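Engineer: Please find final-v8.cif (mmCIF, C-alpha atoms) on the next line:
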```
data_model
loop_
_atom_site.group_PDB
_atom_site.id
_atom_site.type_symbol
_atom_site.label_atom_id
_atom_site.label_comp_id
_atom_site.auth_asym_id
_atom_site.auth_seq_id
_atom_site.Cartn_x
_atom_site.Cartn_y
_atom_site.Cartn_z
ATOM 1 C CA MET A 1 78.780 193.811 161.706
ATOM 2 C CA THR A 2 76.266 191.047 161.027
ATOM 3 C CA LYS A 3 73.419 193.554 161.129
ATOM 4 C CA GLN A 4 75.269 195.797 158.676
ATOM 5 C CA LYS A 5 75.806 192.854 156.336
ATOM 6 C CA LYS A 6 72.048 192.214 156.354
ATOM 7 C CA LEU A 7 71.111 195.869 155.855
ATOM 8 C CA LEU A 8 73.481 196.557 152.965
ATOM 9 C CA PRO A 9 71.855 194.140 150.454
ATOM 10 C CA ILE A 10 68.397 195.403 151.431
ATOM 11 C CA ALA A 11 69.509 199.019 151.030
ATOM 12 C CA SER A 12 70.987 198.155 147.625
ATOM 13 C CA ILE A 13 67.685 196.718 146.374
ATOM 14 C CA LEU A 14 65.717 199.644 147.831
ATOM 15 C CA LEU A 15 67.935 202.218 146.131
ATOM 16 C CA GLY A 16 67.824 200.274 142.876
ATOM 17 C CA ALA A 17 64.041 200.035 143.022
ATOM 18 C CA SER A 18 63.761 203.785 143.615
ATOM 19 C CA ALA A 19 65.870 204.542 140.553
ATOM 20 C CA TRP A 20 63.969 202.019 138.389
ATOM 21 C CA GLY A 21 60.830 203.938 139.279
ATOM 22 C CA VAL A 22 62.001 206.781 137.014
ATOM 23 C CA ALA A 23 64.258 204.792 134.648
ATOM 24 C CA TRP A 24 61.383 204.432 132.168
ATOM 25 C CA TYR A 25 61.375 208.154 131.378
ATOM 26 C CA PRO A 26 64.713 208.318 129.467
ATOM 27 C CA TYR A 27 63.511 205.463 127.241
ATOM 28 C CA ARG A 28 60.382 207.419 126.388
ATOM 29 C CA LEU A 29 62.503 210.463 125.564
ATOM 30 C CA LEU A 30 64.693 208.352 123.265
ATOM 31 C CA GLU A 31 61.606 206.895 121.563
ATOM 32 C CA GLN A 32 60.180 210.388 121.001
ATOM 33 C CA ALA A 33 63.528 211.501 119.542
ATOM 34 C CA GLY A 34 63.427 208.705 116.950
ATOM 35 C CA MET A 35 65.316 205.829 118.584
ATOM 36 C CA GLN A 36 63.099 202.744 118.841
ATOM 37 C CA GLY A 37 62.817 200.935 122.173
ATOM 38 C CA GLU A 38 64.450 197.741 120.918
ATOM 39 C CA LEU A 39 67.548 199.629 119.779
ATOM 40 C CA SER A 40 67.748 201.921 122.806
ATOM 41 C CA THR A 41 67.626 198.827 125.042
ATOM 42 C CA ALA A 42 70.417 197.164 123.077
ATOM 43 C CA LEU A 43 72.643 200.248 123.071
ATOM 44 C CA ALA A 44 72.034 201.203 126.722
ATOM 45 C CA TYR A 45 72.878 197.706 127.944
ATOM 46 C CA SER A 46 75.873 197.534 125.614
ATOM 47 C CA ILE A 47 77.213 200.705 127.235
ATOM 48 C CA ALA A 48 76.632 199.186 130.674
ATOM 49 C CA LEU A 49 78.354 195.982 129.545
ATOM 50 C CA LEU A 50 81.414 197.874 128.293
ATOM 51 C CA ILE A 51 81.660 199.758 131.590
ATOM 52 C CA SER A 52 81.502 196.454 133.460
ATOM 53 C CA LEU A 53 84.207 194.858 131.309
ATOM 54 C CA ALA A 54 86.459 197.880 131.792
ATOM 55 C CA LEU A 55 86.022 198.095 135.572
ATOM 56 C CA PHE A 56 85.924 194.397 136.470
ATOM 57 C CA ARG A 57 88.278 192.856 133.923
ATOM 58 C CA LYS A 58 90.564 191.625 136.731
ATOM 59 C CA GLN A 59 87.702 189.925 138.565
ATOM 60 C CA ILE A 60 86.447 188.077 135.481
ATOM 61 C CA ARG A 61 87.929 184.629 134.988
ATOM 62 C CA ILE A 62 87.000 182.487 132.001
ATOM 63 C CA SER A 63 87.528 179.342 134.083
ATOM 64 C CA GLU A 64 84.815 180.526 136.478
ATOM 65 C CA VAL A 65 82.395 181.014 133.600
ATOM 66 C CA LEU A 66 83.086 177.660 131.958
ATOM 67 C CA ASN A 67 82.603 175.450 135.011
ATOM 68 C CA THR A 68 80.112 172.650 135.535
ATOM 69 C CA THR A 69 77.295 175.082 136.453
ATOM 70 C CA ALA A 70 77.718 177.345 133.430
ATOM 71 C CA TRP A 71 74.246 176.327 132.230
ATOM 72 C CA ILE A 72 72.649 178.512 134.889
ATOM 73 C CA LEU A 73 74.409 181.585 133.476
ATOM 74 C CA LEU A 74 72.784 180.895 130.122
ATOM 75 C CA TRP A 75 69.344 180.850 131.705
ATOM 76 C CA ILE A 76 70.109 184.036 133.633
ATOM 77 C CA ASN A 77 71.248 185.530 130.327
ATOM 78 C CA LEU A 78 68.001 184.605 128.555
ATOM 79 C CA GLY A 79 65.738 185.567 131.458
ATOM 80 C CA ALA A 80 67.391 188.949 131.956
ATOM 81 C CA GLY A 81 67.267 189.579 128.213
ATOM 82 C CA TRP A 82 63.513 189.166 127.997
ATOM 83 C CA THR A 83 62.942 191.026 131.282
ATOM 84 C CA SER A 84 64.793 194.075 129.975
ATOM 85 C CA ILE A 85 63.265 194.252 126.508
ATOM 86 C CA ALA A 86 59.751 193.583 127.830
ATOM 87 C CA TYR A 87 60.124 196.272 130.503
ATOM 88 C CA VAL A 88 61.303 198.917 128.044
ATOM 89 C CA LEU A 89 58.761 198.130 125.315
ATOM 90 C CA GLY A 90 55.992 197.901 127.901
ATOM 91 C CA ILE A 91 56.595 201.314 129.460
ATOM 92 C CA ILE A 92 57.093 202.923 126.042
ATOM 93 C CA HIS A 93 53.957 201.561 124.384
ATOM 94 C CA GLY A 94 51.695 201.059 127.402
ATOM 95 C CA GLU A 95 50.484 202.932 130.479
ATOM 96 C CA VAL A 96 53.362 203.060 132.940
ATOM 97 C CA MET A 97 51.465 202.042 136.068
ATOM 98 C CA ARG A 98 49.407 199.281 134.386
ATOM 99 C CA VAL A 99 52.570 197.787 132.917
ATOM 100 C CA LEU A 100 54.416 197.935 136.240
ATOM 101 C CA LEU A 101 51.488 196.488 138.180
ATOM 102 C CA LEU A 102 51.329 193.527 135.805
ATOM 103 C CA PHE A 103 55.120 193.290 136.031
ATOM 104 C CA TYR A 104 54.735 192.965 139.799
ATOM 105 C CA LEU A 105 52.755 189.795 139.484
ATOM 106 C CA ALA A 106 56.346 188.538 139.780
ATOM 107 C CA PRO A 107 55.812 187.323 143.407
ATOM 108 C CA LEU A 108 53.288 184.819 142.073
ATOM 109 C CA TRP A 109 55.823 183.438 139.613
ATOM 110 C CA THR A 110 58.594 183.697 142.227
ATOM 111 C CA ILE A 111 56.703 181.383 144.578
ATOM 112 C CA LEU A 112 56.325 178.786 141.830
ATOM 113 C CA PHE A 113 59.938 179.035 140.642
ATOM 114 C CA SER A 114 61.232 178.971 144.233
ATOM 115 C CA ARG A 115 59.309 175.737 144.816
ATOM 116 C CA ILE A 116 60.735 174.141 141.672
ATOM 117 C CA LEU A 117 64.301 175.454 141.701
ATOM 118 C CA LEU A 118 65.003 176.205 145.370
ATOM 119 C CA GLN A 119 62.767 173.509 146.920
ATOM 120 C CA GLU A 120 61.006 176.117 149.069
ATOM 121 C CA ARG A 121 57.738 174.636 150.323
ATOM 122 C CA LEU A 122 54.521 176.492 149.597
ATOM 123 C CA SER A 123 52.947 177.527 152.912
ATOM 124 C CA ARG A 124 49.396 178.673 153.612
ATOM 125 C CA GLN A 125 50.610 182.220 153.031
ATOM 126 C CA GLY A 126 51.865 181.088 149.660
ATOM 127 C CA TYR A 127 48.405 179.929 148.595
ATOM 128 C CA LEU A 128 46.943 183.214 149.858
ATOM 129 C CA ILE A 129 49.470 185.138 147.776
ATOM 130 C CA ILE A 130 48.564 183.159 144.672
ATOM 131 C CA LEU A 131 44.854 183.831 145.226
ATOM 132 C CA LEU A 132 45.391 187.530 145.971
ATOM 133 C CA SER A 133 47.731 188.029 142.987
ATOM 134 C CA LEU A 134 45.381 186.311 140.559
ATOM 135 C CA THR A 135 42.364 188.228 141.854
ATOM 136 C CA GLY A 136 44.232 191.497 141.434
ATOM 137 C CA ALA A 137 45.279 190.541 137.920
ATOM 138 C CA LEU A 138 41.711 189.619 136.989
ATOM 139 C CA LEU A 139 40.483 193.006 138.217
ATOM 140 C CA LEU A 140 43.234 194.804 136.338
ATOM 141 C CA LEU A 141 42.600 192.932 133.090
ATOM 142 C CA TRP A 142 38.816 192.634 133.229
ATOM 143 C CA GLN A 143 36.968 194.454 130.472
ATOM 144 C CA PRO A 144 33.311 195.589 130.764
ATOM 145 C CA LYS A 145 32.570 194.126 127.319
ATOM 146 C CA GLY A 146 33.160 190.629 128.659
ATOM 147 C CA GLY A 147 35.451 187.908 127.427
ATOM 148 C CA LEU A 148 38.452 186.340 129.113
ATOM 149 C CA PRO A 149 40.434 188.664 131.422
ATOM 150 C CA LEU A 150 43.581 188.609 129.291
ATOM 151 C CA PRO A 151 45.953 191.446 128.418
ATOM 152 C CA THR A 152 44.337 193.573 125.718
ATOM 153 C CA SER A 153 47.284 195.718 124.721
ATOM 154 C CA TYR A 154 50.876 195.299 123.657
ATOM 155 C CA GLY A 155 52.045 197.070 126.822
ATOM 156 C CA ASP A 156 50.022 194.735 129.051
ATOM 157 C CA TRP A 157 51.522 191.637 127.433
ATOM 158 C CA MET A 158 55.031 193.046 127.845
ATOM 159 C CA GLY A 159 54.433 193.849 131.507
ATOM 160 C CA LEU A 160 53.025 190.405 132.249
ATOM 161 C CA SER A 161 55.728 188.449 130.407
ATOM 162 C CA GLY A 162 58.465 190.722 131.741
ATOM 163 C CA GLY A 163 57.404 189.997 135.325
ATOM 164 C CA PHE A 164 57.445 186.275 134.590
ATOM 165 C CA ALA A 165 61.010 186.494 133.247
ATOM 166 C CA PHE A 166 62.037 188.800 136.109
ATOM 167 C CA ALA A 167 60.898 186.255 138.702
ATOM 168 C CA LEU A 168 62.748 183.434 136.943
ATOM 169 C CA THR A 169 65.928 185.514 136.717
ATOM 170 C CA ASN A 170 65.789 186.490 140.406
ATOM 171 C CA VAL A 171 65.381 182.887 141.536
ATOM 172 C CA LEU A 172 68.213 181.746 139.273
ATOM 173 C CA ILE A 173 70.509 184.476 140.599
ATOM 174 C CA ARG A 174 69.672 183.381 144.131
ATOM 175 C CA LYS A 175 70.225 179.712 143.225
ATOM 176 C CA ASP A 176 73.571 180.376 141.547
ATOM 177 C CA GLN A 177 76.019 180.627 144.460
ATOM 178 C CA GLN A 178 78.916 179.235 142.401
ATOM 179 C CA HIS A 179 79.491 182.385 140.346
ATOM 180 C CA GLY A 180 80.505 185.783 141.659
ATOM 181 C CA ILE A 181 78.456 188.952 141.311
ATOM 182 C CA HIS A 182 80.638 190.189 138.455
ATOM 183 C CA ILE A 183 80.034 187.079 136.348
ATOM 184 C CA LYS A 184 76.280 187.182 136.949
ATOM 185 C CA LEU A 185 76.286 190.898 136.132
ATOM 186 C CA LEU A 186 77.882 190.176 132.755
ATOM 187 C CA ALA A 187 75.271 187.472 132.103
ATOM 188 C CA VAL A 188 72.454 189.937 132.794
ATOM 189 C CA LEU A 189 73.872 192.829 130.768
ATOM 190 C CA SER A 190 74.958 190.738 127.786
ATOM 191 C CA GLY A 191 71.572 189.003 127.732
ATOM 192 C CA ALA A 192 69.733 192.323 127.591
ATOM 193 C CA ALA A 193 72.047 193.732 124.914
ATOM 194 C CA LEU A 194 71.826 190.648 122.688
ATOM 195 C CA THR A 195 68.055 190.406 123.071
ATOM 196 C CA GLY A 196 67.739 194.091 122.200
ATOM 197 C CA PHE A 197 69.778 193.706 119.016
ATOM 198 C CA ALA A 198 67.876 190.541 118.060
ATOM 199 C CA ALA A 199 64.543 192.338 118.577
ATOM 200 C CA THR A 200 65.787 195.301 116.531
ATOM 201 C CA LEU A 201 66.618 193.059 113.582
ATOM 202 C CA PHE A 202 63.417 191.039 113.956
ATOM 203 C CA MET A 203 61.212 194.140 114.034
ATOM 204 C CA GLY A 204 63.152 195.779 111.207
ATOM 205 C CA ASN A 205 63.871 198.908 113.261
ATOM 206 C CA THR A 206 67.258 199.490 111.656
ATOM 207 C CA SER A 207 66.691 203.054 110.413
ATOM 208 C CA ASP A 208 69.578 205.521 110.365
ATOM 209 C CA ILE A 209 70.061 207.148 113.762
ATOM 210 C CA THR A 210 73.303 208.990 113.025
ATOM 211 C CA HIS A 211 71.373 212.206 112.362
ATOM 212 C CA LEU A 212 70.064 212.368 115.940
ATOM 213 C CA PRO A 213 71.273 215.410 117.915
ATOM 214 C CA ALA A 214 74.004 215.194 120.540
ATOM 215 C CA SER A 215 71.452 215.588 123.340
ATOM 216 C CA VAL A 216 69.887 212.244 122.402
ATOM 217 C CA TRP A 217 73.237 210.480 122.565
ATOM 218 C CA LEU A 218 73.913 212.068 125.958
ATOM 219 C CA ILE A 219 70.580 210.706 127.214
ATOM 220 C CA LEU A 220 71.530 207.268 125.875
ATOM 221 C CA LEU A 221 74.963 207.453 127.534
ATOM 222 C CA GLY A 222 73.388 208.479 130.832
ATOM 223 C CA THR A 223 70.840 205.664 130.539
ATOM 224 C CA GLY A 224 73.629 203.145 129.969
ATOM 225 C CA GLY A 225 75.469 204.426 133.052
ATOM 226 C CA LEU A 226 72.259 204.228 135.078
ATOM 227 C CA VAL A 227 71.644 200.648 133.928
ATOM 228 C CA PHE A 228 75.165 199.683 135.021
ATOM 229 C CA PHE A 229 74.743 201.292 138.439
ATOM 230 C CA LEU A 230 71.331 199.715 139.020
ATOM 231 C CA SER A 231 72.494 196.303 137.855
ATOM 232 C CA ILE A 232 75.352 196.345 140.369
ATOM 233 C CA LEU A 233 72.985 197.261 143.188
ATOM 234 C CA LEU A 234 70.377 194.641 142.312
ATOM 235 C CA GLN A 235 72.877 191.859 141.618
ATOM 236 C CA TYR A 236 74.429 192.365 145.028
ATOM 237 C CA GLY A 237 71.087 192.559 146.786
ATOM 238 C CA MET A 238 69.475 189.595 145.048
ATOM 239 C CA THR A 239 72.511 187.408 145.679
ATOM 240 C CA HIS A 240 72.201 187.917 149.445
ATOM 241 C CA VAL A 241 68.454 188.362 149.963
ATOM 242 C CA PRO A 242 65.827 185.579 149.566
ATOM 243 C CA ALA A 243 63.970 185.888 146.268
ATOM 244 C CA ASN A 244 60.533 186.489 147.800
ATOM 245 C CA GLN A 245 61.857 189.184 150.121
ATOM 246 C CA ALA A 246 63.725 190.902 147.282
ATOM 247 C CA ILE A 247 60.520 191.157 145.262
ATOM 248 C CA VAL A 248 58.795 192.891 148.175
ATOM 249 C CA ILE A 249 61.542 195.480 148.568
ATOM 250 C CA MET A 250 61.376 196.118 144.823
ATOM 251 C CA LEU A 251 57.751 197.188 145.339
ATOM 252 C CA PHE A 252 59.030 200.637 146.281
ATOM 253 C CA GLU A 253 59.502 201.129 142.547
ATOM 254 C CA LEU A 254 55.712 201.358 142.233
ATOM 255 C CA VAL A 255 55.581 204.269 144.678
ATOM 256 C CA VAL A 256 58.285 206.203 142.831
ATOM 257 C CA ALA A 257 56.790 205.325 139.434
ATOM 258 C CA ALA A 258 53.319 206.479 140.503
ATOM 259 C CA VAL A 259 54.654 209.884 141.559
ATOM 260 C CA ALA A 260 56.807 210.181 138.432
ATOM 261 C CA ALA A 261 53.954 209.161 136.113
ATOM 262 C CA TYR A 262 51.670 211.730 137.755
ATOM 263 C CA PHE A 263 54.074 214.590 137.037
ATOM 264 C CA LEU A 264 55.597 213.398 133.741
ATOM 265 C CA THR A 265 52.586 211.931 131.886
ATOM 266 C CA ASP A 266 48.854 212.453 131.561
ATOM 267 C CA GLU A 267 48.014 208.806 132.292
ATOM 268 C CA HIS A 268 45.244 207.907 134.744
ATOM 269 C CA LEU A 269 44.178 204.581 136.230
ATOM 270 C CA THR A 270 40.558 203.667 136.885
ATOM 271 C CA ASN A 271 39.284 202.713 140.350
ATOM 272 C CA ARG A 272 39.239 199.070 139.222
ATOM 273 C CA ASP A 273 42.868 199.338 138.131
ATOM 274 C CA TRP A 274 43.836 200.750 141.536
ATOM 275 C CA ALA A 275 41.910 197.979 143.313
ATOM 276 C CA GLY A 276 43.658 195.293 141.274
ATOM 277 C CA GLY A 277 47.010 196.971 141.811
ATOM 278 C CA PHE A 278 46.402 197.136 145.561
ATOM 279 C CA MET A 279 45.774 193.384 145.639
ATOM 280 C CA ILE A 280 48.930 192.652 143.645
ATOM 281 C CA ALA A 281 50.995 194.923 145.893
ATOM 282 C CA SER A 282 49.467 193.334 149.015
ATOM 283 C CA ALA A 283 50.334 189.873 147.702
ATOM 284 C CA SER A 284 53.922 191.035 147.229
ATOM 285 C CA LEU A 285 54.068 192.293 150.815
ATOM 286 C CA PHE A 286 52.724 189.007 152.170
ATOM 287 C CA SER A 287 55.305 187.071 150.152
ATOM 288 C CA ALA A 288 58.048 188.291 152.511
ATOM 289 C CA ARG A 289 56.569 186.098 155.250
ATOM 290 C CA ILE A 290 57.394 182.926 153.318
ATOM 291 C CA ASN A 291 61.133 183.218 154.024
ATOM 292 C CA ARG A 292 61.005 185.105 157.310
ATOM 293 C CA ASN A 293 62.580 182.143 159.170
#
```
Show how you would write the structure in this file as C-alpha cells.

Structural biologist:
Amino acid sequence: MTKQKKLLPIASILLGASAWGVAWYPYRLLEQAGMQGELSTALAYSIALLISLALFRKQIRISEVLNTTAWILLWINLGAGWTSIAYVLGIIHGEVMRVLLLFYLAPLWTILFSRILLQERLSRQGYLIILLSLTGALLLLWQPKGGLPLPTSYGDWMGLSGGFAFALTNVLIRKDQQHGIHIKLLAVLSGAALTGFAATLFMGNTSDITHLPASVWLILLGTGGLVFFLSILLQYGMTHVPANQAIVIMLFELVVAAVAAYFLTDEHLTNRDWAGGFMIASASLFSARINRN
C-alpha cells in the first residue's frame, strides 16, 4: 500500500506532463480562429474553475481559506496566473520547443526557491545543476551577431519568465500543507483566469468573438475541461512529491511536445538549440538526486 501511495502521485505528474506536451495545440487553433491567447487563457481557466466549483463545492470551506496561512494561497494564485499566461503566449507567439526548453530552466529556480522557502540545503549536485542549466541557457540564447545572451523574442521571454513562476508555484504548493488539494486547485485556476482577463484588458484584445463558429467554442470547452483534468493531476502529484523530483518527471512533456511539434508544425531547432536543450534537460534529471534521501 505504501508503494502504491508513492507511485500514484508520480503517475499523476507523468500523465499530466504527457497531456501538457500537446496542450499548446488547441491554443494555437483558437488564436488562428481569431481568439487571442490572453482571452483564450482566461476563458479556458474560467471553465475549469466553474467545473471545480461545481464538483468540489462540498469540500470547499471558507474557514479553511481564511486561516492564518492564507497568504500562501495568494502567492500560489499570482504565481500560477503568470505561469499560465506566459506558457500560452509563449507557445502561440514563439517556437514551441525553444519556449518549452527555456520554461524548463525551472529546476534552476526550484533549487533556489527550495533553499529559501523549504530550507533545503544546496548540495554539490545543486551547484552542478545551476552550472549545467545556465550553460544550456547561454547556448540556447546565444546569437552569432554577439551581444548578451538574452531572450531575443517575445516567445523566449514568456518561456523564461513562465518557468520562473512555475518553479515558485511548485515550491509554494509543496510548502503549503495546511490547505487541501481542492483549495490549492481553486487558487491556481482563479489566478490563471484573473491574470488572463487582466492581460486581455491591458493588451486591448477585447474584440467581438461572438461571431466565431461553434467549432471554436467546442475547442475552447474541451481546452477548459483538459485544463481542469491536468490541474487535478498536477496538484495531487506536486502536493506529495518533492519539488525537484516533480520537475524532473514533468520533463516528459518535452518528449511529447517534440513529437507533436514535428508533426503539427514546421518548426526546426538548430544544433546549438538542441545542445542547449540537452544540457537543460540533463540538469533537470540531476535535480532529482537532491531529494533522493

Engineer: Any idea what the distance is between atom CA of Gly159 of chain A and atom CA of Leu102 of chain A?

Structural biologist: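 Taking atom CA of Gly159 of chain A and atom CA of Leu102 of chain A, their separation equals 5.3 Å.
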
Engineer: Enter the distance from atom CA of Gly16 of chain A to atom CA of Thr239 of chain A, in Å, rounded to one decimal.

Structural biologist: 14.0 Å

Engineer: Mind pulling up the distance from atom CA of Leu134 of chain A to atom CA of Ala192 of chain A?

Structural biologist: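 Separation between atom CA of Ala192 of chain A and atom CA of Leu134 of chain A: 28.2 Å.
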
Engineer: Leaving out Ile60 of chain A and any residue of its chain fewer than 3 positions from it, which residues lie within 8 Å of it when counting all atoms listed in the file, given as a list in words?

Structural biologist: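 Residues meeting the cut-off are Phe56, Arg57, Glu64, His182 and Ile183 of chain A.
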
Engineer: Nearest residue to Thr152 of chain A out of A:Val99, A:Val188, A:Ile72, A:Ile10, using all atoms listed in the file?

Structural biologist: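 When distances to Thr152 of chain A are compared using all atoms listed in the file, the smallest one comes from A:Val99.
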
Engineer: For the file shown, report as a ChimeraX atom specification the outcome of the PyMOL selection byres ((chain A and resi 75-92) around 9) at residue level.

Structural biologist: /A:24-25,27-28,31,37-38,40-42,71-74,93-100,103,154-170,172-173,184,186-196,199
